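Visitor: Below are the structure tokens for one structure; questions will follow.
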Amino acid sequence: MLGSTSRLQSDNNETESSGTGPLPSLLSAPNWYQSHVIDSNVRFGPTTPLLAYGARSMVQLLSPDLHPLYLLPGHPKRVSAVRWIATGHLVSGCDGGEVNLWAVSQTPRPAPKTLLQTPVPITALAFRGNPDYLFSGDEKGFICVWGSQLEANKERRYQPFSERIHTMEASNHGEGSELSVYLGVGYKTGTLGVFNVSQHGVLTLMHTLKGHNSDVFRVAWCPRDPTVTYTCLHPIPCPTFNPHNLLFSISRDKTVKCWDAVRNTLLKSLSSPRSLSRESHLNKEQPWSSLVWAKSGLLACSPTGDIGALVVAGELEEVRWEGWGGSHSHDKKVFGMCEGECNSVISVGMDRSIIVWRNGSSQHVAHGLGGFAYGLDISPLCPTRVAVAVGDNMVRVWDPGCQKVQHVWQSVRTKVMTVSWHPYKEGVLAFGTEEGKVGVYDATTGTSHASATFHEKAVYALSWGFVPTKYPEDDLKTGVYSCGGEGSILCHRPKELNKAALNVNAYLAAENQYRSVPPGRTAVDWEFSAKLLAVGCSTGLIEIFRAPNLQQIRVLQYHTRIINKLRWGRNEGRRVSFAEKQDSPQAEEHVELVSERQEESPTTPQLLLASGSDDNRVCVYELDLKSTDEGSQNPILMAHRSLLGHTARITDIDWNPHDFRFLVSASYDATAQVWNVERGEGVANYRGHLGRLFSVRWSHTALDHVFTGSDEFLVHQWRMSETSHKLPPETNQIFPGNKESERKGSRRKKRGGSKKVALISESKVDVVDNTVDESWRSSAKTANTTESSVLPTKQQHTVTVSDTAKRKPARGKSLLPISSRQDHAPKEQQGDHILRIARDLYCGSRDHETPPRGRDPTPLTCPVSVSKDITGNDITFSSTSIDLTPSENTSSPSSTDDISIGLYSTPDRLSSLVAAERDHHTTHRHHHQALLLGIWNSDIATTVNTAIISRTVTESVLAVAVYGGLELYNRALECYISQLKSNKDYLTAASYMLLRGDVYEAIDLLLAEGLHREAVTMARLRLNPDDEKIRQIFGGWAMRLETDMQVDAAAKCYLAAQNPEAAVLVLLKRRALASLRRTRTVAMVTKQVHLLPGIDRAIEESQRLEESSMGEEVKVETVGTITNELINGIPGGC
């Protein structure tokens, strides 16, 4: 038996000559429309060259040959700029206005240090060494400068222009005071700013270079030791000409300009490199260009991604672009370029690829993904082809060996959720999309066609299998089975995709004569020989059908939640034995002993089925293939095993095609787990991802290579032999606590709107045969006459059947998970626990304990001699009065192994169990469960104090804190108010402040947040009507409203503040005749007699102007002059 990976590793060493080098992977695509999204540290001469680029809200680090190293998460929004600095640190900026510093040279996964936090998105970063200066630019034109200390809140801020900064570069030549340091900044309007940087980091605007008429995408200074200086660009030979002052810029206007930045002179204007193709698409997309000045020369790109090098040719020293090419090139616009190792240049483009250029041709290429890697599949006929279902509306056909990627976008136009290769036709690939579309792509012809029948929801499973109808043509016997989120299964015929697909749900109901409506189907998979079909359901059931008529032959239920994945395995080699002794607690074992079982031939294939579910477990079943082939109605389930260890839902599983003793599973807990099915234990756990895993496939060409796809837009290829963990982590790092609602969330949408009748009774049945459960069958076929066997097209609705049966209420989480976990412990451990409980209750010293109910706590006597104890060991007795004391190896009540038996043992052990359970809930942030245990244990003070220290006080904690005394309640209330303020829930915080009697503090809190209306309401309800605070609130609110030109509302506030004069004056700002008359009435009512003459004069003038033929603007201006004189003539007027 194979208990570890030793054999697999040795086999791999024999077949692989590449050793332990990095494996090709699909990267997360660089972010678009950012000029500084990529950078390399090679210009500083590091011992370890690295490349960094922004991918979503993370920074991806690569080796010089584009092999992924690791991700740096930490930004709240999309990374917009990265920059290496001389100390080996990495600086990154994001759209959230955050600038972070990463100590990459000190630790492989460093925590970020925040240098700047503003609400304005960062758009560019620049660095100048010796002395060290770091620069950042944002969308509003602010430039921040840090000195060599790089400390937060120590930056200098400038805003020379209120325009978006696209790019900035500092001249990186000269050290100390040898040469001046200049900073070139490109703006959205086409302006170029050249700044002088003093030794103290003070910026001084030298020149404003104007020549571009639109966005400046990138600027580049002459490098420190240039191979080509382009001195010929200066029109007149100048003895004082310094090539280090040359500044190149590229703009949206498709021009590249060369400047003498110090003399404010435009030396040369060139057109950007010529686009070799795709000119017709320029007007449909937002153009973008980039350039970089490496030591080998200046490179620029066209708006369509064609890269050219600036060369000087001929006797006349003609300056022109020389195009670069190679086996790989960009077919869309290029966003960023940087200098690489050994005079290479690296570029990133809209085609989501990263290319390393050297000597005019591409050397390396890495392809990126622009969406979640929802599905993976490897072609059975061409094992080097890996199909990837990506959420960026495309399918990737990837060859990891030669790093070629073929993009499939025809007939897709939405997120691709799953893919499946044809079992025996090369190059035929089926795909399912988020909109419910199913399509077939032919790689040999490059064509793609979509089925005319759509699912109502997303397609989550595909499988090629036998079509359960008879056709004269042979090529119509294989179809694509698709399972949608609404719970239906369709069968699409590849040669007749324009026709309606077969409704498999209706077909199964008609053939098997169901009495009740089956649950929603969620997974489907055909066995390799197309003899058996496995279907997973939303209730955890697995149905097995036999071709060609799809008769149901088996129903299994070992899962309690929705089935996410089914995977058949047909083992032609050494049999996998389930009957071996199992030592691992991570697995459950259930072996059915079959009577009259004959010894099978060693050449008989072994049929295995694996399933993954939302209940975090993987189940493996062995079926008797011989009885199935002979046509038995009840094929024997030889064995079953559950593999436990994941802390979140299982999303995908796959068998090792080289050795069926190994199975790999992917989970939402961000890990991929390799299982030894034979021993029921974990072998290797891969933790290279930082997000949820959606897909996993075992390589067909290497024994221990595995592919995994995640929500980080990544597909990793890794070696099982190089993993350092054997089991997943005990806590879920992606969803702490693994909340029930989070685990149900999106998958609940897949079950469809119709309620389904449960297929089994309330008592759980492990195996259900159709000869035992007669509720599956009915002698009459009237129940299925309303369903059609063929589905309508997309314009119509899919047939669904609803019923009035109510779903059984969901059972809540256990309050004692540590104790509940022992229900799944191995039998040996269960027996040991029983022995310990017996010793504690009947053999131990219980002087300090309460005796069992109904039993006299007198010493135990035995009238006869006993020769063996419960374990079978010999014991001797000195007399009939026996002193059965606990053995020496009996653990104390505080032992970790004995905590779980506290529910059945002594009160001391029960107290230890409750304390451990409460600590478990607190660690996993299950604060409500911890509170309940504290109430049960009458330990309210400890529970409330723990919540105060961890700042997790809730309304439930406050309600309980009342019973712990006034002091405890006040401390809890103070902490809760602080939490509400931190969460910006100021209304609730002010409300709870009233409970303490802090009325004025609560009102001031609302006013500080601009909640004047709420502050007025609270003040009038809780304060005396004559309180001056009410008038102050109304006055401040009125002034704010008046500033915002809300005249009527401001007048109301002035009246409430008992300032009628201000109310009349603010109403005078409305110059219409009707408004003036209303203002006069208000003045008379409020007895502001001194304002009436001026108001009357304004009304008379307004009436006179109404009768004249003057323009409306002149009328308003004339009346406004009178009202302004009136307002300004009043002391303290508005």
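Going through the structure tokens in order, the chains are called A, B, and so on, while each chain numbers its residues from 1 and the ligands are numbered from 1 in the order shown.
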Per DSSP on the backbone, what are the strand (DSSP E or B) residues of range 342-568 of chain A, as number ranges by chain?

Guide: A: 345-349, 353-358, 361-369, 373-378, 386-390, 394-399, 404-408, 416-421, 428-433, 438-442, 447-450, 459-466, 478-484, 489-492, 502-503, 521-526, 532-537, 542-546, 551-556, 563-568

Visitor: Mind checking which residues fall within 12 Å of Gln929 in chain A, counting only C-alpha atoms, ignoring those fewer than 4 positions away in the same chain, and posting them as a PyMOL selection string?

Guide: chain A and resi 737+812-817+914+917-925+933-936+943+956-957

Visitor: Include N, CA, C and O atoms and write out the residues we just selected as a short mmCIF file (atom, residue, chain, number, x, y, z; two decimals), in the first residue's frame.

Guide:
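File result22.cif, as written:
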data_model
loop_
_atom_site.label_atom_id
_atom_site.label_comp_id
_atom_site.auth_asym_id
_atom_site.auth_seq_id
_atom_site.Cartn_x
_atom_site.Cartn_y
_atom_site.Cartn_z
N GLY A 737 -14.62 31.86 10.01
CA GLY A 737 -15.83 31.35 10.65
C GLY A 737 -16.70 30.53 9.73
O GLY A 737 -17.53 29.78 10.19
N GLY A 812 -29.79 24.54 12.83
CA GLY A 812 -28.79 25.52 13.19
C GLY A 812 -27.44 24.90 13.49
O GLY A 812 -27.30 23.68 13.61
N LYS A 813 -26.43 25.76 13.62
CA LYS A 813 -25.09 25.29 13.95
C LYS A 813 -25.05 24.75 15.38
O LYS A 813 -25.78 25.20 16.26
N SER A 814 -24.16 23.82 15.61
CA SER A 814 -23.96 23.29 16.94
C SER A 814 -23.25 24.31 17.81
O SER A 814 -22.32 24.98 17.37
N LEU A 815 -23.70 24.42 19.06
CA LEU A 815 -23.06 25.33 19.99
C LEU A 815 -21.81 24.70 20.59
O LEU A 815 -21.00 25.38 21.21
N LEU A 816 -21.62 23.40 20.40
CA LEU A 816 -20.49 22.67 20.96
C LEU A 816 -19.75 21.94 19.84
O LEU A 816 -19.84 20.72 19.70
N PRO A 817 -19.02 22.66 18.98
CA PRO A 817 -18.36 22.00 17.83
C PRO A 817 -17.27 21.03 18.24
O PRO A 817 -17.06 20.03 17.58
N VAL A 914 -16.72 23.50 28.37
CA VAL A 914 -17.41 24.76 28.09
C VAL A 914 -16.39 25.88 27.87
O VAL A 914 -16.54 26.72 26.96
N GLU A 917 -14.89 25.34 24.44
CA GLU A 917 -15.84 25.69 23.39
C GLU A 917 -15.96 27.20 23.25
O GLU A 917 -16.01 27.74 22.14
N ARG A 918 -15.97 27.91 24.39
CA ARG A 918 -16.09 29.36 24.32
C ARG A 918 -14.83 29.99 23.71
O ARG A 918 -14.92 30.92 22.91
N ASP A 919 -13.66 29.46 24.06
CA ASP A 919 -12.42 29.96 23.44
C ASP A 919 -12.41 29.68 21.94
O ASP A 919 -11.94 30.50 21.15
N HIS A 920 -12.94 28.54 21.55
CA HIS A 920 -13.02 28.20 20.12
C HIS A 920 -13.90 29.20 19.37
O HIS A 920 -13.53 29.70 18.30
N HIS A 921 -15.06 29.52 19.94
CA HIS A 921 -15.96 30.47 19.29
C HIS A 921 -15.34 31.86 19.24
O HIS A 921 -15.47 32.59 18.25
N THR A 922 -14.65 32.25 20.30
CA THR A 922 -14.02 33.57 20.32
C THR A 922 -12.91 33.65 19.28
O THR A 922 -12.77 34.67 18.57
N THR A 923 -12.11 32.60 19.15
CA THR A 923 -11.02 32.58 18.17
C THR A 923 -11.55 32.67 16.75
O THR A 923 -10.97 33.35 15.90
N HIS A 924 -12.67 32.01 16.47
CA HIS A 924 -13.24 31.99 15.13
C HIS A 924 -14.28 33.08 14.93
O HIS A 924 -15.04 33.04 13.97
N ARG A 925 -14.35 34.05 15.88
CA ARG A 925 -15.22 35.21 15.76
C ARG A 925 -16.70 34.83 15.73
O ARG A 925 -17.51 35.49 15.09
N LEU A 933 -22.80 30.65 25.59
CA LEU A 933 -22.14 29.75 26.53
C LEU A 933 -21.81 30.47 27.83
O LEU A 933 -21.85 29.86 28.91
N GLY A 934 -21.46 31.75 27.75
CA GLY A 934 -21.20 32.51 28.97
C GLY A 934 -22.45 32.63 29.83
O GLY A 934 -22.39 32.56 31.07
N ILE A 935 -23.61 32.81 29.20
CA ILE A 935 -24.87 32.89 29.95
C ILE A 935 -25.17 31.55 30.60
O ILE A 935 -25.57 31.47 31.76
N TRP A 936 -24.96 30.46 29.83
CA TRP A 936 -25.22 29.13 30.39
C TRP A 936 -24.33 28.84 31.59
O TRP A 936 -24.75 28.22 32.54
N THR A 943 -17.45 37.02 29.83
CA THR A 943 -17.91 37.11 28.44
C THR A 943 -17.97 38.55 27.96
O THR A 943 -17.51 38.89 26.86
N SER A 956 -26.73 42.37 21.73
CA SER A 956 -26.95 41.23 22.62
C SER A 956 -26.03 41.28 23.82
O SER A 956 -26.44 40.98 24.96
N VAL A 957 -24.78 41.66 23.61
CA VAL A 957 -23.83 41.78 24.72
C VAL A 957 -24.30 42.87 25.69
O VAL A 957 -24.21 42.73 26.91
#

Visitor: Can you work out the spacing between CA of Ser1102 in chain A and CA of Glu1042 in chain A in Å, to one decimal?

Guide: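 Computing the Euclidean distance for CA of Ser1102 in chain A and CA of Glu1042 in chain A yields 23.4 Å.
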
Visitor: Between CA of His364 in chain A and CA of Leu66 in chain A, what is the distance in Å, rounded to a tenth?

Guide: 7.2 Å

Visitor: Could you check how far CA of Ala547 in chain A sits from CA of Arg561 in chain A, in Å to one decimal?

Guide: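 So the two atoms, CA of Ala547 in chain A and CA of Arg561 in chain A, lie 27.0 Å apart.
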
Visitor: Looking at A:Val395, A:Val388, A:Ala81, A:Val194, which one is nearest to Phe335 in chain A, with distances taken over only C-alpha atoms?

Guide: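 With only C-alpha atoms as the atom set, the closest residue is A:Ala81.
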
Visitor: Check which residues of range 121-153 of chain A sit at most 12 Å from range 38-45 of chain A using only C-alpha atoms, and return one row each with the closest pair of atoms and their distance in Å to one decimal, ordered by chain and rising number, as JSON lines.

Guide:
{"residue": "A:Ala124", "atom": "CA", "partner": "A:Ile38", "partner_atom": "CA", "distance": 11.1}
{"residue": "A:Leu125", "atom": "CA", "partner": "A:Asp39", "partner_atom": "CA", "distance": 10.4}
{"residue": "A:Ala126", "atom": "CA", "partner": "A:Asp39", "partner_atom": "CA", "distance": 10.6}
{"residue": "A:Phe127", "atom": "CA", "partner": "A:Asp39", "partner_atom": "CA", "distance": 11.4}
{"residue": "A:Arg128", "atom": "CA", "partner": "A:Phe44", "partner_atom": "CA", "distance": 11.1}
{"residue": "A:Gly129", "atom": "CA", "partner": "A:Phe44", "partner_atom": "CA", "distance": 9.3}
{"residue": "A:Asn130", "atom": "CA", "partner": "A:Phe44", "partner_atom": "CA", "distance": 11.4}

Visitor: Please produce a file of the residues just selected, as a PDB file, in the first residue's frame, where the atoms kept are N, CA, C and O atoms.

Guide:
ATOM      1  N   ALA A 124       0.730  57.950 -11.011  1.00  0.00           N
ATOM      2  CA  ALA A 124       2.121  57.811 -11.458  1.00  0.00           C
ATOM      3  C   ALA A 124       3.045  57.828 -10.256  1.00  0.00           C
ATOM      4  O   ALA A 124       2.754  58.432  -9.217  1.00  0.00           O
ATOM      5  N   LEU A 125       4.193  57.133 -10.406  1.00  0.00           N
ATOM      6  CA  LEU A 125       5.248  57.116  -9.404  1.00  0.00           C
ATOM      7  C   LEU A 125       6.586  57.287 -10.115  1.00  0.00           C
ATOM      8  O   LEU A 125       6.759  56.840 -11.255  1.00  0.00           O
ATOM      9  N   ALA A 126       7.530  57.951  -9.454  1.00  0.00           N
ATOM     10  CA  ALA A 126       8.884  58.130 -10.004  1.00  0.00           C
ATOM     11  C   ALA A 126       9.877  58.083  -8.857  1.00  0.00           C
ATOM     12  O   ALA A 126       9.543  58.390  -7.707  1.00  0.00           O
ATOM     13  N   PHE A 127      11.126  57.695  -9.183  1.00  0.00           N
ATOM     14  CA  PHE A 127      12.170  57.603  -8.159  1.00  0.00           C
ATOM     15  C   PHE A 127      13.473  58.126  -8.731  1.00  0.00           C
ATOM     16  O   PHE A 127      13.800  57.911  -9.900  1.00  0.00           O
ATOM     17  N   ARG A 128      14.234  58.805  -7.877  1.00  0.00           N
ATOM     18  CA  ARG A 128      15.568  59.273  -8.217  1.00  0.00           C
ATOM     19  C   ARG A 128      16.505  58.891  -7.087  1.00  0.00           C
ATOM     20  O   ARG A 128      16.213  59.149  -5.912  1.00  0.00           O
ATOM     21  N   GLY A 129      17.617  58.224  -7.386  1.00  0.00           N
ATOM     22  CA  GLY A 129      18.523  57.736  -6.365  1.00  0.00           C
ATOM     23  C   GLY A 129      19.716  58.641  -6.134  1.00  0.00           C
ATOM     24  O   GLY A 129      20.186  59.326  -7.041  1.00  0.00           O
ATOM     25  N   ASN A 130      20.222  58.625  -4.911  1.00  0.00           N
ATOM     26  CA  ASN A 130      21.460  59.269  -4.458  1.00  0.00           C
ATOM     27  C   ASN A 130      21.533  60.760  -4.809  1.00  0.00           C
ATOM     28  O   ASN A 130      22.236  61.147  -5.757  1.00  0.00           O
TER      29      ASN A 130
END

Visitor: I want to know what sits within 10 Å of Ile949 in chain A, based on only C-alpha atoms, with residues of the same chain fewer than 5 positions away left out; could you give that as a VMD selection string?

Guide: chain A and resid 944 972 975

Visitor: Limited to C-alpha atoms, could you put the picked residues into a file as a compact mmCIF listing (two decimals), in the first residue's frame?

Guide:
# COMPACT_ATOMS: atom_id res chain seq x y z
CA VAL A 944 -18.64 40.83 28.40
CA ALA A 972 -19.72 47.89 27.47
CA CYS A 975 -17.07 50.43 23.86

Visitor: Find, counting only C-alpha atoms, the residue in A:Leu1092, A:Leu958, A:Trp675, A:Glu1100 that gets nearest to Leu1073 in chain A.

Guide: A:Glu1100

Visitor: Compile the contact shell of range 531-534 of chain A as a PDB file with all heavy atoms, in the first residue's frame: residues with an atom at most 8 Å away, counting only C-alpha atoms, same-chain residues fewer than 4 positions apart removed.

Guide:
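Saved the output as selection-v6.pdb:
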ATOM      1  N   VAL A 524     -23.376  16.815 -13.289  1.00  0.00           N
ATOM      2  CA  VAL A 524     -23.578  15.708 -14.215  1.00  0.00           C
ATOM      3  C   VAL A 524     -22.220  15.247 -14.721  1.00  0.00           C
ATOM      4  O   VAL A 524     -21.324  16.063 -14.957  1.00  0.00           O
ATOM      5  CB  VAL A 524     -24.502  16.135 -15.386  1.00  0.00           C
ATOM      6  CG1 VAL A 524     -23.894  17.299 -16.162  1.00  0.00           C
ATOM      7  CG2 VAL A 524     -24.789  14.967 -16.311  1.00  0.00           C
ATOM      8  N   ASP A 525     -22.054  13.913 -14.858  1.00  0.00           N
ATOM      9  CA  ASP A 525     -20.803  13.378 -15.385  1.00  0.00           C
ATOM     10  C   ASP A 525     -21.059  11.979 -15.923  1.00  0.00           C
ATOM     11  O   ASP A 525     -21.707  11.142 -15.269  1.00  0.00           O
ATOM     12  CB  ASP A 525     -19.721  13.335 -14.302  1.00  0.00           C
ATOM     13  CG  ASP A 525     -18.344  13.053 -14.892  1.00  0.00           C
ATOM     14  OD1 ASP A 525     -17.981  13.719 -15.878  1.00  0.00           O
ATOM     15  OD2 ASP A 525     -17.633  12.176 -14.378  1.00  0.00           O
ATOM     16  N   TRP A 526     -20.559  11.727 -17.153  1.00  0.00           N
ATOM     17  CA  TRP A 526     -20.662  10.415 -17.792  1.00  0.00           C
ATOM     18  C   TRP A 526     -19.415   9.608 -17.503  1.00  0.00           C
ATOM     19  O   TRP A 526     -18.288  10.135 -17.505  1.00  0.00           O
ATOM     20  CB  TRP A 526     -20.831  10.556 -19.304  1.00  0.00           C
ATOM     21  CG  TRP A 526     -22.249  10.748 -19.744  1.00  0.00           C
ATOM     22  CD1 TRP A 526     -22.908  11.916 -19.923  1.00  0.00           C
ATOM     23  CD2 TRP A 526     -23.179   9.702 -20.071  1.00  0.00           C
ATOM     24  NE1 TRP A 526     -24.192  11.687 -20.335  1.00  0.00           N
ATOM     25  CE2 TRP A 526     -24.398  10.328 -20.443  1.00  0.00           C
ATOM     26  CE3 TRP A 526     -23.113   8.311 -20.092  1.00  0.00           C
ATOM     27  CZ2 TRP A 526     -25.519   9.614 -20.814  1.00  0.00           C
ATOM     28  CZ3 TRP A 526     -24.239   7.591 -20.468  1.00  0.00           C
ATOM     29  CH2 TRP A 526     -25.419   8.239 -20.824  1.00  0.00           C
ATOM     30  N   GLU A 527     -19.620   8.306 -17.296  1.00  0.00           N
ATOM     31  CA  GLU A 527     -18.498   7.384 -17.161  1.00  0.00           C
ATOM     32  C   GLU A 527     -17.800   7.241 -18.510  1.00  0.00           C
ATOM     33  O   GLU A 527     -18.405   7.456 -19.559  1.00  0.00           O
ATOM     34  CB  GLU A 527     -19.023   6.033 -16.655  1.00  0.00           C
ATOM     35  CG  GLU A 527     -17.946   5.061 -16.253  1.00  0.00           C
ATOM     36  CD  GLU A 527     -17.645   4.084 -17.370  1.00  0.00           C
ATOM     37  OE1 GLU A 527     -18.545   3.833 -18.186  1.00  0.00           O
ATOM     38  OE2 GLU A 527     -16.518   3.571 -17.415  1.00  0.00           O
ATOM     39  N   ILE A 542     -27.145  11.529  -5.059  1.00  0.00           N
ATOM     40  CA  ILE A 542     -26.459  11.191  -6.307  1.00  0.00           C
ATOM     41  C   ILE A 542     -27.245  10.065  -6.958  1.00  0.00           C
ATOM     42  O   ILE A 542     -27.435   8.995  -6.365  1.00  0.00           O
ATOM     43  CB  ILE A 542     -25.005  10.753  -6.051  1.00  0.00           C
ATOM     44  CG1 ILE A 542     -24.217  11.883  -5.385  1.00  0.00           C
ATOM     45  CG2 ILE A 542     -24.334  10.333  -7.352  1.00  0.00           C
ATOM     46  CD1 ILE A 542     -22.802  11.500  -5.020  1.00  0.00           C
ATOM     47  N   GLU A 543     -27.706  10.315  -8.175  1.00  0.00           N
ATOM     48  CA  GLU A 543     -28.442   9.304  -8.941  1.00  0.00           C
ATOM     49  C   GLU A 543     -27.526   8.735 -10.011  1.00  0.00           C
ATOM     50  O   GLU A 543     -26.763   9.470 -10.644  1.00  0.00           O
ATOM     51  CB  GLU A 543     -29.672   9.920  -9.600  1.00  0.00           C
ATOM     52  CG  GLU A 543     -30.609  10.651  -8.656  1.00  0.00           C
ATOM     53  CD  GLU A 543     -31.674  11.407  -9.414  1.00  0.00           C
ATOM     54  OE1 GLU A 543     -32.546  10.758 -10.033  1.00  0.00           O
ATOM     55  OE2 GLU A 543     -31.620  12.640  -9.413  1.00  0.00           O
ATOM     56  N   ILE A 544     -27.625   7.433 -10.224  1.00  0.00           N
ATOM     57  CA  ILE A 544     -26.830   6.751 -11.246  1.00  0.00           C
ATOM     58  C   ILE A 544     -27.797   6.092 -12.225  1.00  0.00           C
ATOM     59  O   ILE A 544     -28.701   5.347 -11.824  1.00  0.00           O
ATOM     60  CB  ILE A 544     -25.884   5.716 -10.617  1.00  0.00           C
ATOM     61  CG1 ILE A 544     -24.937   6.408  -9.632  1.00  0.00           C
ATOM     62  CG2 ILE A 544     -25.087   4.981 -11.691  1.00  0.00           C
ATOM     63  CD1 ILE A 544     -23.992   5.468  -8.927  1.00  0.00           C
ATOM     64  N   PHE A 545     -27.597   6.365 -13.520  1.00  0.00           N
ATOM     65  CA  PHE A 545     -28.449   5.852 -14.583  1.00  0.00           C
ATOM     66  C   PHE A 545     -27.596   5.037 -15.556  1.00  0.00           C
ATOM     67  O   PHE A 545     -26.401   5.293 -15.721  1.00  0.00           O
ATOM     68  CB  PHE A 545     -29.136   7.000 -15.339  1.00  0.00           C
ATOM     69  CG  PHE A 545     -29.953   7.908 -14.455  1.00  0.00           C
ATOM     70  CD1 PHE A 545     -29.385   9.018 -13.850  1.00  0.00           C
ATOM     71  CD2 PHE A 545     -31.293   7.644 -14.236  1.00  0.00           C
ATOM     72  CE1 PHE A 545     -30.142   9.862 -13.048  1.00  0.00           C
ATOM     73  CE2 PHE A 545     -32.055   8.488 -13.431  1.00  0.00           C
ATOM     74  CZ  PHE A 545     -31.488   9.593 -12.836  1.00  0.00           C
ATOM     75  N   ARG A 546     -28.257   4.069 -16.205  1.00  0.00           N
ATOM     76  CA  ARG A 546     -27.577   3.227 -17.182  1.00  0.00           C
ATOM     77  C   ARG A 546     -28.060   3.563 -18.582  1.00  0.00           C
ATOM     78  O   ARG A 546     -29.266   3.746 -18.810  1.00  0.00           O
ATOM     79  CB  ARG A 546     -27.841   1.748 -16.888  1.00  0.00           C
ATOM     80  CG  ARG A 546     -27.142   0.814 -17.897  1.00  0.00           C
ATOM     81  CD  ARG A 546     -27.607  -0.629 -17.800  1.00  0.00           C
ATOM     82  NE  ARG A 546     -27.112  -1.232 -16.569  1.00  0.00           N
ATOM     83  CZ  ARG A 546     -27.882  -1.584 -15.552  1.00  0.00           C
ATOM     84  NH1 ARG A 546     -29.190  -1.353 -15.620  1.00  0.00           N
ATOM     85  NH2 ARG A 546     -27.382  -2.148 -14.481  1.00  0.00           N
ATOM     86  N   ALA A 547     -27.108   3.703 -19.513  1.00  0.00           N
ATOM     87  CA  ALA A 547     -27.426   3.906 -20.921  1.00  0.00           C
ATOM     88  C   ALA A 547     -27.882   2.561 -21.514  1.00  0.00           C
ATOM     89  O   ALA A 547     -27.528   1.494 -20.992  1.00  0.00           O
ATOM     90  CB  ALA A 547     -26.208   4.444 -21.653  1.00  0.00           C
ATOM     91  N   PRO A 548     -28.659   2.558 -22.616  1.00  0.00           N
ATOM     92  CA  PRO A 548     -28.997   3.728 -23.432  1.00  0.00           C
ATOM     93  C   PRO A 548     -30.290   4.430 -23.017  1.00  0.00           C
ATOM     94  O   PRO A 548     -30.543   5.546 -23.427  1.00  0.00           O
ATOM     95  CB  PRO A 548     -29.143   3.129 -24.819  1.00  0.00           C
ATOM     96  CG  PRO A 548     -29.667   1.753 -24.564  1.00  0.00           C
ATOM     97  CD  PRO A 548     -29.033   1.287 -23.288  1.00  0.00           C
ATOM     98  N   LEU A 550     -31.276   5.285 -19.940  1.00  0.00           N
ATOM     99  CA  LEU A 550     -31.129   6.061 -18.713  1.00  0.00           C
ATOM    100  C   LEU A 550     -32.077   5.583 -17.630  1.00  0.00           C
ATOM    101  O   LEU A 550     -32.818   6.353 -17.018  1.00  0.00           O
ATOM    102  CB  LEU A 550     -31.338   7.557 -18.993  1.00  0.00           C
ATOM    103  CG  LEU A 550     -30.335   8.209 -19.951  1.00  0.00           C
ATOM    104  CD1 LEU A 550     -30.582   9.694 -20.036  1.00  0.00           C
ATOM    105  CD2 LEU A 550     -28.903   7.926 -19.524  1.00  0.00           C
ATOM    106  N   LEU A 566     -19.036  15.939  -9.722  1.00  0.00           N
ATOM    107  CA  LEU A 566     -18.956  14.484  -9.809  1.00  0.00           C
ATOM    108  C   LEU A 566     -17.848  14.123 -10.773  1.00  0.00           C
ATOM    109  O   LEU A 566     -17.667  14.802 -11.796  1.00  0.00           O
ATOM    110  CB  LEU A 566     -20.284  13.884 -10.283  1.00  0.00           C
ATOM    111  CG  LEU A 566     -21.483  14.026  -9.345  1.00  0.00           C
ATOM    112  CD1 LEU A 566     -22.752  13.577 -10.045  1.00  0.00           C
ATOM    113  CD2 LEU A 566     -21.269  13.218  -8.076  1.00  0.00           C
TER     114      LEU A 566
END

Visitor: Just checking: using only C-alpha atoms, which residue out of A:His455, A:Leu381, A:Gln406, A:Leu913 ends up closest to Val428 in chain A?

Guide: A:Leu381

Visitor: Using only C-alpha atoms for the distances, tell me which of A:Lys499, A:Lys1069, A:Arg692, A:Lys425 is nearest to Met1045 in chain A.

Guide: A:Lys1069
